[in-house]
file my_file_6.json (JSON, C-alpha atoms and all ligand atoms)
[["chain", "number", "residue", "atom", "x", "y", "z"],
["A", 2, "MET", "CA", -26.50, 24.16, 15.40],
["A", 3, "GLN", "CA", -24.55, 25.43, 12.41],
["A", 4, "ALA", "CA", -23.53, 29.07, 12.87],
["A", 5, "TYR", "CA", -22.88, 29.50, 9.13],
["A", 6, "GLY", "CA", -26.65, 29.26, 8.55],
["A", 7, "ARG", "CA", -28.35, 32.63, 8.35],
["A", 8, "ARG", "CA", -31.24, 31.16, 10.31],
["A", 9, "ALA", "CA", -29.06, 30.08, 13.26],
["A", 10, "ILE", "CA", -30.23, 32.80, 15.67],
["A", 11, "PRO", "CA", -33.99, 32.39, 14.89],
["A", 12, "VAL", "CA", -33.65, 28.59, 15.28],
["A", 13, "LEU", "CA", -31.93, 29.05, 18.66],
["A", 14, "ARG", "CA", -34.78, 31.33, 19.76],
["A", 15, "TRP", "CA", -37.26, 28.66, 18.65],
["A", 16, "LEU", "CA", -35.31, 26.02, 20.62],
["A", 17, "ARG", "CA", -35.36, 28.26, 23.69],
["A", 18, "ARG", "CA", -39.17, 28.48, 23.51],
["A", 19, "LEU", "CA", -39.37, 24.72, 22.98],
["A", 20, "SER", "CA", -37.29, 24.18, 26.09],
["A", 21, "GLU", "CA", -39.55, 26.48, 28.11],
["A", 22, "GLU", "CA", -42.72, 24.76, 26.83],
["A", 23, "THR", "CA", -41.45, 21.27, 27.60],
["A", 24, "GLY", "CA", -39.55, 22.15, 30.78],
["A", 25, "LYS", "CA", -36.51, 20.34, 29.41],
["A", 26, "ARG", "CA", -32.95, 21.58, 29.11],
["A", 27, "ILE", "CA", -31.72, 21.01, 25.56],
["A", 28, "PRO", "CA", -28.12, 20.04, 24.82],
["A", 29, "VAL", "CA", -26.94, 22.05, 21.80],
["A", 30, "ARG", "CA", -23.62, 21.55, 20.04],
["A", 31, "LEU", "CA", -22.64, 24.82, 18.39],
["A", 32, "VAL", "CA", -20.44, 24.35, 15.31],
["A", 33, "LYS", "CA", -19.63, 26.58, 12.35],
["A", 34, "GLY", "CA", -20.85, 24.03, 9.79],
["A", 35, "ALA", "CA", -19.06, 21.41, 7.73],
["A", 36, "TYR", "CA", -20.99, 21.55, 4.43],
["A", 37, "TRP", "CA", -20.34, 25.08, 3.22],
["A", 38, "ASP", "CA", -19.29, 24.13, -0.33],
["A", 39, "SER", "CA", -22.33, 21.86, -0.70],
["A", 40, "GLU", "CA", -24.74, 24.51, 0.60],
["A", 41, "ILE", "CA", -23.37, 26.99, -1.95],
["A", 42, "LYS", "CA", -23.58, 24.52, -4.83],
["A", 43, "TRP", "CA", -27.11, 23.33, -3.92],
["A", 44, "ALA", "CA", -28.36, 26.93, -3.77],
["A", 45, "GLN", "CA", -26.86, 27.57, -7.24],
["A", 46, "GLU", "CA", -28.36, 24.37, -8.67],
["A", 47, "ARG", "CA", -31.76, 25.35, -7.31],
["A", 48, "GLY", "CA", -31.50, 28.94, -8.59],
["A", 49, "LEU", "CA", -32.47, 30.35, -5.19],
["A", 50, "ALA", "CA", -32.80, 34.08, -4.58],
["A", 51, "ASP", "CA", -29.94, 33.96, -2.07],
["A", 52, "TYR", "CA", -27.68, 31.58, -0.13],
["A", 53, "PRO", "CA", -28.90, 30.04, 3.15],
["A", 54, "VAL", "CA", -25.39, 30.38, 4.59],
["A", 55, "PHE", "CA", -23.02, 33.29, 5.11],
["A", 56, "THR", "CA", -20.65, 33.64, 2.21],
["A", 57, "ARG", "CA", -17.65, 35.02, 4.10],
["A", 58, "LYS", "CA", -15.74, 33.09, 6.73],
["A", 59, "ARG", "CA", -15.52, 36.11, 8.99],
["A", 60, "ASN", "CA", -19.31, 36.47, 9.09],
["A", 61, "THR", "CA", -19.62, 32.85, 10.19],
["A", 62, "ASP", "CA", -17.15, 33.59, 13.01],
["A", 63, "VAL", "CA", -19.25, 36.59, 14.10],
["A", 64, "SER", "CA", -22.44, 34.51, 13.91],
["A", 65, "TYR", "CA", -20.80, 31.82, 16.06],
["A", 66, "LEU", "CA", -19.99, 34.41, 18.74],
["A", 67, "ALA", "CA", -23.56, 35.76, 18.63],
["A", 68, "CYS", "CA", -25.06, 32.24, 18.92],
["A", 69, "MET", "CA", -22.68, 31.45, 21.77],
["A", 70, "ARG", "CA", -23.76, 34.55, 23.71],
["A", 71, "LEU", "CA", -27.42, 33.79, 23.16],
["A", 72, "MET", "CA", -26.98, 30.23, 24.44],
["A", 73, "LEU", "CA", -25.00, 31.37, 27.49],
["A", 74, "THR", "CA", -27.77, 33.85, 28.35],
["A", 75, "TYR", "CA", -30.18, 30.93, 28.87],
["A", 76, "PRO", "CA", -28.27, 28.29, 30.87],
["A", 77, "ARG", "CA", -31.53, 26.72, 32.12],
["A", 78, "GLN", "CA", -32.74, 26.19, 28.55],
["A", 79, "PHE", "CA", -29.47, 25.23, 26.88],
["A", 80, "GLN", "CA", -26.77, 22.80, 27.88],
["A", 81, "CYS", "CA", -24.00, 24.67, 26.05],
["A", 82, "GLN", "CA", -21.56, 22.63, 23.98],
["A", 83, "PHE", "CA", -19.02, 24.56, 21.92],
["A", 84, "ALA", "CA", -17.20, 22.58, 19.24],
["A", 85, "SER", "CA", -14.29, 24.19, 17.42],
["A", 86, "HIS", "CA", -10.59, 23.83, 16.71],
["A", 87, "ASN", "CA", -10.11, 27.59, 16.48],
["A", 88, "ALA", "CA", -8.18, 28.97, 19.47],
["A", 89, "HIS", "CA", -9.81, 32.41, 19.17],
["A", 90, "THR", "CA", -13.30, 30.90, 19.21],
["A", 91, "ILE", "CA", -12.49, 28.79, 22.27],
["A", 92, "ALA", "CA", -10.91, 31.75, 24.09],
["A", 93, "ALA", "CA", -14.01, 33.83, 23.28],
["A", 94, "ALA", "CA", -16.24, 31.10, 24.79],
["A", 95, "THR", "CA", -14.17, 31.04, 27.97],
["A", 96, "VAL", "CA", -14.39, 34.82, 28.35],
["A", 97, "ALA", "CA", -18.09, 35.08, 27.43],
["A", 98, "ALA", "CA", -19.14, 32.23, 29.72],
["A", 99, "ALA", "CA", -17.38, 33.49, 32.86],
["A", 100, "ASN", "CA", -19.03, 31.25, 35.48],
["A", 101, "THR", "CA", -21.76, 29.75, 33.29],
["A", 102, "PRO", "CA", -21.06, 26.03, 32.81],
["A", 103, "PHE", "CA", -20.31, 24.83, 29.28],
["A", 104, "GLU", "CA", -18.62, 21.94, 27.57],
["A", 105, "LEU", "CA", -15.97, 22.06, 24.84],
["A", 106, "GLN", "CA", -15.83, 19.49, 22.06],
["A", 107, "ARG", "CA", -13.12, 18.42, 19.67],
["A", 108, "LEU", "CA", -12.67, 15.71, 17.08],
["A", 109, "HIS", "CA", -10.50, 12.69, 17.74],
["A", 110, "GLY", "CA", -7.07, 13.25, 16.19],
["A", 111, "MET", "CA", -7.40, 17.04, 15.98],
["A", 112, "GLY", "CA", -6.56, 19.98, 18.25],
["A", 113, "GLU", "CA", -4.80, 17.71, 20.76],
["A", 114, "ALA", "CA", -2.02, 20.12, 21.76],
["A", 115, "MET", "CA", -4.36, 23.08, 22.12],
["A", 116, "TYR", "CA", -6.94, 21.17, 24.13],
["A", 117, "ALA", "CA", -4.28, 19.63, 26.35],
["A", 118, "SER", "CA", -3.47, 23.11, 27.64],
["A", 119, "ILE", "CA", -7.15, 24.05, 28.00],
["A", 120, "VAL", "CA", -8.27, 20.89, 29.75],
["A", 121, "ALA", "CA", -5.29, 20.21, 31.96],
["A", 122, "GLY", "CA", -3.04, 23.25, 31.87],
["A", 123, "ALA", "CA", -5.49, 26.10, 32.53],
["A", 124, "PRO", "CA", -5.96, 27.54, 36.02],
["A", 125, "GLU", "CA", -9.64, 26.53, 35.71],
["A", 126, "PRO", "CA", -9.68, 23.30, 33.68],
["A", 127, "ARG", "CA", -12.59, 22.79, 31.27],
["A", 128, "ALA", "CA", -14.41, 19.63, 30.30],
["A", 129, "CYS", "CA", -13.89, 18.51, 26.71],
["A", 130, "ARG", "CA", -15.87, 15.81, 24.93],
["A", 131, "ILE", "CA", -13.98, 14.02, 22.15],
["A", 132, "TYR", "CA", -15.92, 12.85, 19.09],
["A", 133, "ALA", "CA", -14.65, 9.83, 17.22],
["A", 134, "PRO", "CA", -16.14, 8.82, 13.86],
["A", 135, "VAL", "CA", -17.64, 5.32, 13.77],
["A", 136, "GLY", "CA", -18.67, 3.46, 10.63],
["A", 137, "ASP", "CA", -17.48, 1.38, 7.72],
["A", 138, "HIS", "CA", -15.17, 2.72, 5.05],
["A", 139, "GLU", "CA", -18.00, 4.24, 2.96],
["A", 140, "ASP", "CA", -19.03, 6.51, 5.83],
["A", 141, "LEU", "CA", -15.49, 7.22, 6.91],
["A", 142, "LEU", "CA", -14.29, 8.18, 3.43],
["A", 143, "GLY", "CA", -16.85, 10.99, 3.31],
["A", 144, "TYR", "CA", -15.83, 12.06, 6.80],
["A", 145, "LEU", "CA", -12.15, 12.10, 5.84],
["A", 146, "VAL", "CA", -12.82, 14.13, 2.67],
["A", 147, "ARG", "CA", -14.83, 16.69, 4.71],
["A", 148, "ARG", "CA", -11.95, 17.09, 7.17],
["A", 149, "LEU", "CA", -9.44, 17.44, 4.31],
["A", 150, "LEU", "CA", -11.55, 20.10, 2.60],
["A", 151, "GLU", "CA", -12.09, 21.92, 5.88],
["A", 152, "ASN", "CA", -8.45, 21.97, 6.95],
["A", 153, "GLY", "CA", -7.15, 22.54, 3.42],
["A", 154, "ALA", "CA", -9.18, 25.75, 2.96],
["A", 155, "ASN", "CA", -6.94, 28.81, 3.11],
["A", 156, "THR", "CA", -9.40, 30.55, 5.47],
["A", 157, "SER", "CA", -9.33, 27.71, 8.02],
["A", 158, "PHE", "CA", -7.74, 28.40, 11.40],
["A", 159, "VAL", "CA", -5.81, 25.11, 11.35],
["A", 160, "ASN", "CA", -4.47, 25.85, 7.86],
["A", 161, "ARG", "CA", -3.43, 29.38, 8.77],
["A", 162, "LEU", "CA", -1.72, 28.16, 11.92],
["A", 163, "ALA", "CA", 0.44, 25.82, 9.83],
["A", 164, "ASP", "CA", 1.56, 28.77, 7.67],
["A", 165, "ASN", "CA", 4.88, 29.97, 9.09],
["A", 166, "GLU", "CA", 4.69, 33.20, 7.07],
["A", 167, "MET", "CA", 1.40, 34.25, 8.69],
["A", 168, "PRO", "CA", 1.83, 36.53, 11.74],
["A", 169, "ILE", "CA", -0.01, 35.24, 14.85],
["A", 170, "SER", "CA", -1.69, 38.65, 15.29],
["A", 171, "ARG", "CA", -3.51, 38.10, 11.97],
["A", 172, "ILE", "CA", -4.58, 34.56, 12.82],
["A", 173, "ILE", "CA", -6.20, 35.56, 16.10],
["A", 174, "ARG", "CA", -7.82, 38.80, 14.90],
["A", 175, "ASP", "CA", -11.20, 39.45, 16.50],
["A", 176, "PRO", "CA", -13.81, 38.93, 13.73],
["A", 177, "VAL", "CA", -16.15, 41.56, 15.20],
["A", 178, "GLU", "CA", -13.43, 44.23, 15.25],
["A", 179, "ASP", "CA", -12.46, 43.16, 11.76],
["A", 180, "ALA", "CA", -16.02, 43.56, 10.48],
["A", 181, "GLU", "CA", -16.40, 46.97, 12.12],
["A", 182, "HIS", "CA", -13.08, 48.16, 10.72],
["A", 183, "GLU", "CA", -14.06, 47.02, 7.24],
["A", 184, "ARG", "CA", -17.45, 48.73, 7.39],
["A", 185, "ALA", "CA", -15.97, 51.96, 8.74],
["A", 186, "ASN", "CA", -13.44, 52.04, 5.90],
["A", 187, "GLY", "CA", -15.80, 50.87, 3.15],
["A", 188, "GLU", "CA", -13.45, 47.96, 2.38],
["A", 189, "ALA", "CA", -16.05, 45.21, 1.85],
["A", 190, "PRO", "CA", -15.03, 42.98, -1.09],
["A", 191, "LYS", "CA", -17.42, 42.14, -3.92],
["A", 192, "PRO", "CA", -20.11, 39.73, -2.66],
["A", 193, "LEU", "CA", -20.39, 36.21, -4.05],
["A", 194, "VAL", "CA", -22.57, 36.16, -7.19],
["A", 195, "ARG", "CA", -26.16, 35.26, -6.22],
["A", 196, "PRO", "CA", -27.41, 31.79, -7.23],
["A", 197, "ARG", "CA", -29.76, 33.25, -9.88],
["A", 198, "ASP", "CA", -26.92, 35.16, -11.53],
["A", 199, "VAL", "CA", -24.26, 32.45, -11.81],
["A", 200, "TYR", "CA", -24.58, 32.32, -15.64],
["A", 201, "TRP", "CA", -25.10, 36.06, -16.05],
["A", 202, "PRO", "CA", -24.65, 37.87, -18.49],
["A", 203, "GLU", "CA", -24.86, 34.83, -20.80],
["A", 204, "ARG", "CA", -28.28, 33.90, -19.40],
["A", 205, "ARG", "CA", -30.34, 33.85, -16.23],
["A", 206, "ASN", "CA", -30.34, 30.73, -14.07],
["A", 207, "SER", "CA", -33.70, 28.93, -13.84],
["A", 208, "THR", "CA", -35.58, 30.13, -10.79],
["A", 209, "GLY", "CA", -36.02, 27.69, -7.92],
["A", 210, "LEU", "CA", -38.37, 27.96, -5.01],
["A", 211, "ALA", "CA", -37.13, 27.44, -1.46],
["A", 212, "LEU", "CA", -40.29, 25.67, -0.31],
["A", 213, "ASP", "CA", -38.80, 25.12, 3.13],
["A", 214, "SER", "CA", -39.18, 28.88, 3.66],
["A", 215, "ALA", "CA", -42.61, 29.92, 4.99],
["A", 216, "ALA", "CA", -42.34, 33.31, 3.25],
["A", 217, "VAL", "CA", -41.76, 31.66, -0.16],
["A", 218, "ARG", "CA", -44.67, 29.21, 0.37],
["A", 219, "THR", "CA", -47.06, 31.97, 1.42],
["A", 220, "ALA", "CA", -46.19, 34.10, -1.62],
["A", 221, "LEU", "CA", -46.62, 31.10, -3.94],
["A", 222, "LEU", "CA", -50.02, 30.17, -2.49],
["A", 223, "ALA", "CA", -51.18, 33.78, -2.73],
["A", 224, "LYS", "CA", -50.41, 33.72, -6.48],
["B", 301, "LIG", "C1", -16.60, 18.02, 18.04],
["B", 301, "LIG", "C2", -17.06, 18.51, 16.71],
["B", 301, "LIG", "C3", -18.28, 18.11, 16.23],
["B", 301, "LIG", "C4", -18.74, 18.59, 14.99],
["B", 301, "LIG", "N1", -19.98, 18.23, 14.55],
["B", 301, "LIG", "C5", -20.48, 18.80, 13.42],
["B", 301, "LIG", "C6", -21.84, 18.58, 13.03],
["B", 301, "LIG", "O1", -22.60, 17.84, 13.68],
["B", 301, "LIG", "N2", -22.28, 19.18, 11.90],
["B", 301, "LIG", "C7", -21.49, 20.02, 11.16],
["B", 301, "LIG", "O2", -21.96, 20.58, 10.15],
["B", 301, "LIG", "N3", -20.20, 20.24, 11.50],
["B", 301, "LIG", "C8", -19.68, 19.66, 12.61],
["B", 301, "LIG", "N4", -18.37, 19.91, 12.98],
["B", 301, "LIG", "C9", -17.47, 20.65, 12.05],
["B", 301, "LIG", "C10", -17.63, 22.16, 12.23],
["B", 301, "LIG", "O3", -18.88, 22.58, 11.70],
["B", 301, "LIG", "C11", -16.53, 22.96, 11.51],
["B", 301, "LIG", "O4", -16.55, 22.61, 10.15],
["B", 301, "LIG", "C12", -15.14, 22.73, 12.03],
["B", 301, "LIG", "O5", -15.13, 22.61, 13.41],
["B", 301, "LIG", "C13", -14.23, 23.89, 11.57],
["B", 301, "LIG", "O6", -14.58, 25.05, 12.29],
["B", 301, "LIG", "P1", -13.53, 25.65, 13.37],
["B", 301, "LIG", "O7", -14.21, 26.63, 14.26],
["B", 301, "LIG", "O8", -12.88, 24.52, 14.06],
["B", 301, "LIG", "O9", -12.41, 26.32, 12.44],
["B", 301, "LIG", "P2", -12.38, 27.67, 11.62],
["B", 301, "LIG", "O10", -11.23, 27.54, 10.72],
["B", 301, "LIG", "O11", -12.44, 28.85, 12.49],
["B", 301, "LIG", "O12", -13.72, 27.70, 10.76],
["B", 301, "LIG", "C14", -13.89, 27.01, 9.54],
["B", 301, "LIG", "C15", -15.37, 27.09, 9.21],
["B", 301, "LIG", "O13", -15.71, 28.42, 8.77],
["B", 301, "LIG", "C16", -16.80, 28.33, 7.87],
["B", 301, "LIG", "N5", -16.43, 28.97, 6.58],
["B", 301, "LIG", "C17", -15.31, 28.73, 5.84],
["B", 301, "LIG", "N6", -15.33, 29.49, 4.71],
["B", 301, "LIG", "C18", -16.47, 30.21, 4.74],
["B", 301, "LIG", "C19", -17.04, 31.18, 3.87],
["B", 301, "LIG", "N7", -16.44, 31.56, 2.73],
["B", 301, "LIG", "N8", -18.23, 31.73, 4.23],
["B", 301, "LIG", "C20", -18.85, 31.37, 5.38],
["B", 301, "LIG", "N9", -18.36, 30.47, 6.25],
["B", 301, "LIG", "C21", -17.18, 29.89, 5.94],
["B", 301, "LIG", "C22", -17.12, 26.87, 7.66],
["B", 301, "LIG", "O14", -18.18, 26.53, 8.53],
["B", 301, "LIG", "C23", -15.82, 26.19, 8.06],
["B", 301, "LIG", "O15", -16.02, 24.86, 8.50],
["B", 301, "LIG", "C24", -17.92, 19.47, 14.21],
["B", 301, "LIG", "C25", -16.68, 19.88, 14.72],
["B", 301, "LIG", "C26", -16.25, 19.43, 15.95],
["B", 301, "LIG", "C27", -14.94, 19.92, 16.47]]

call {"tool": "encode", "arguments": {"input": "my_file_6.json", "output": "structure tokens", "more": "lines below"}}
Ligand SMILES: Cc1cc2nc3c(=O)[nH]c(=O)nc-3n(C[C@H](O)[C@H](O)[C@H](O)COP(=O)(O)OP(=O)(O)OC[C@H]3O[C@@H](n4cnc5c(N)ncnc54)[C@H](O)[C@@H]3O)c2cc1C
result
Amino acid sequence: MQAYGRRAIPVLRWLRRLSEETGKRIPVRLVKGAYWDSEIKWAQERGLADYPVFTRKRNTDVSYLACMRLMLTYPRQFQCQFASHNAHTIAAATVAAANTPFELQRLHGMGEAMYASIVAGAPEPRACRIYAPVGDHEDLLGYLVRRLLENGANTSFVNRLADNEMPISRIIRDPVEDAEHERANGEAPKPLVRPRDVYWPERRNSTGLALDSAAVRTALLAK
């Protein structure tokens, strides 16, 4: 489940109903999402009305916390698996879960020091599954490039942590408090230009139809 997707919460609700209908507990790995740049570019190429993903990192962090809480509310429907290398996100999971069981996940070769203290050093040690990529060099090259893009981004937790100039208090700021503060002070930055307006004012982008959206299909059929 990719928390950067605007549909993350509705999809989780759908999964909860599916679990109840089938009487099966569903394992769900909650991530933020590794294909943000691609999602943005595809939406622009298709001339969609809007982006399917959040366009600010902070909003993805807030969405992750909301998805996490929803999953923890239904421990009989979801086997909760929280994957992240962000210390704030992991701390938030530990606090939100209290006694509800959940699993942490990290990638092989990343977050070792942080997870060592969580898994072995904490008063209540947590289970952590480690994912290792498997494949030939064609698959692994793509994987490596994704990790480089992810960790090279200046908004990434890992990147900010490596910046000695950045105060720790800024790195671990609560995204919800941050969002509330920004709204209260009217400090929201300019939003990302919508896919249909990427060439504006020179010209309008050609209009694409998101046929995977029921609302778009219904409107098209009605016409
Ligand atoms: C064990 C494991 C398994 C994973 N499996 C998958 C998987 O199956 N599918 C998948 O897609 N990813 C997967 N990932 C990668 C994951 O989605 C994240 O890309 C990665 O974990 C970075 O997020 P973070 O919480 O660790 O770090 P953070 O630095 O807190 O978050 C970085 C993330 O924020 C989001 N972001 C960055 N900029 C913006 C922006 N401008 N607007 C909105 N959002 C933004 C992106 O999702 C980016 O990856 C996995 C990660 C782990 C640890």

call {"tool": "residues_near_ligand", "arguments": {"input": "my_file_6.json", "ligand": "ligand LIG 301 (chain B)", "cutoff": "7 Å", "atoms": "all atoms listed in the file", "output": "number ranges by chain"}}
result
A: 3, 5, 32-37, 54-62, 84-87, 90, 106-108, 131-132, 151, 156-159

call {"tool": "closest_residue", "arguments": {"input": "my_file_6.json", "among": "A:Lys25, A:Ala189, A:Ala50, A:Cys68", "to": "Leu13 in chain A", "atoms": "only C-alpha atoms"}}
result
A:Cys68

call {"tool": "atom_distance", "arguments": {"input": "my_file_6.json", "atom1": "CA of Leu162 in chain A", "atom2": "CA of Ala88 in chain A"}}
result
10.0 Å

call {"tool": "closest_residue", "arguments": {"input": "my_file_6.json", "among": "A:Leu222, A:Val96, A:Leu150, A:Met72", "to": "Leu16 in chain A", "atoms": "only C-alpha atoms"}}
result
A:Met72

call {"tool": "atom_distance", "arguments": {"input": "my_file_6.json", "atom1": "CA of Gly6 in chain A", "atom2": "CA of Leu210 in chain A"}}
result
18.0 Å

call {"tool": "residues_around", "arguments": {"input": "my_file_6.json", "residues": "range 169-185 of chain A", "least_positions_apart": "2", "cutoff": "6 Å", "atoms": "only C-alpha atoms", "output": "list in words"}}
result
Arg59, Val63, His89, Gly187 and Glu188 of chain A

call {"tool": "residues_around", "arguments": {"input": "my_file_6.json", "residues": "Glu104 in chain A", "least_positions_apart": "5", "cutoff": "7 Å", "atoms": "only C-alpha atoms", "output": "PyMOL selection string"}}
result
chain A and resi 81-83+128-129

call {"tool": "atom_distance", "arguments": {"input": "my_file_6.json", "atom1": "CA of Ile27 in chain A", "atom2": "CA of Ala121 in chain A"}}
result
27.2 Å

call {"tool": "closest_residue", "arguments": {"input": "my_file_6.json", "among": "A:Asn206, A:Thr23, A:Ser214, A:Asn160", "to": "Arg47 in chain A", "atoms": "all atoms listed in the file"}}
result
A:Asn206

call {"tool": "closest_residue", "arguments": {"input": "my_file_6.json", "among": "A:Arg197, A:Arg8, A:Arg127, A:Arg14", "to": "Gly48 in chain A", "atoms": "all atoms listed in the file"}}
result
A:Arg197

call {"tool": "closest_residue", "arguments": {"input": "my_file_6.json", "among": "A:Trp43, A:Trp201, A:Tyr116, A:Tyr75", "to": "Val29 in chain A", "atoms": "only C-alpha atoms"}}
result
A:Tyr75

call {"tool": "decode", "arguments": {"input": "my_file_6.json", "residues": "range 86-122 of chain A", "atoms": "C-alpha atoms", "output": "compact mmCIF listing (two decimals), in the first residue's frame"}}
result
# COMPACT_ATOMS: atom_id res chain seq x y z
CA HIS A 86 13.76 4.09 7.00
CA ASN A 87 12.44 7.26 8.62
CA ALA A 88 13.00 7.28 12.39
CA HIS A 89 10.01 9.57 13.01
CA THR A 90 7.68 7.28 11.05
CA ILE A 91 8.90 4.22 12.96
CA ALA A 92 8.59 5.99 16.32
CA ALA A 93 5.04 7.05 15.38
CA ALA A 94 4.17 3.41 14.58
CA THR A 95 5.49 2.25 17.94
CA VAL A 96 3.46 4.88 19.81
CA ALA A 97 0.27 4.42 17.75
CA ALA A 98 0.34 0.61 18.00
CA ALA A 99 0.79 0.40 21.78
CA ASN A 100 0.00 -3.29 22.32
CA THR A 101 -1.32 -4.10 18.85
CA PRO A 102 1.11 -6.47 17.11
CA PHE A 103 2.88 -5.20 14.00
CA GLU A 104 5.99 -5.94 12.00
CA LEU A 105 8.65 -3.49 10.82
CA GLN A 106 10.42 -3.89 7.50
CA ARG A 107 13.65 -2.52 6.12
CA LEU A 108 15.72 -3.02 3.00
CA HIS A 109 18.93 -5.02 3.08
CA GLY A 110 21.89 -2.64 3.36
CA MET A 111 19.84 0.28 4.69
CA GLY A 112 18.83 1.55 8.14
CA GLU A 113 21.04 -1.02 9.88
CA ALA A 114 22.16 1.16 12.80
CA MET A 115 18.67 2.49 13.48
CA TYR A 116 17.02 -0.91 13.32
CA ALA A 117 19.71 -2.48 15.47
CA SER A 118 18.57 -0.26 18.34
CA ILE A 119 14.88 -0.90 17.64
CA VAL A 120 15.12 -4.67 17.28
CA ALA A 121 17.69 -5.47 19.93
CA GLY A 122 18.22 -2.36 22.02
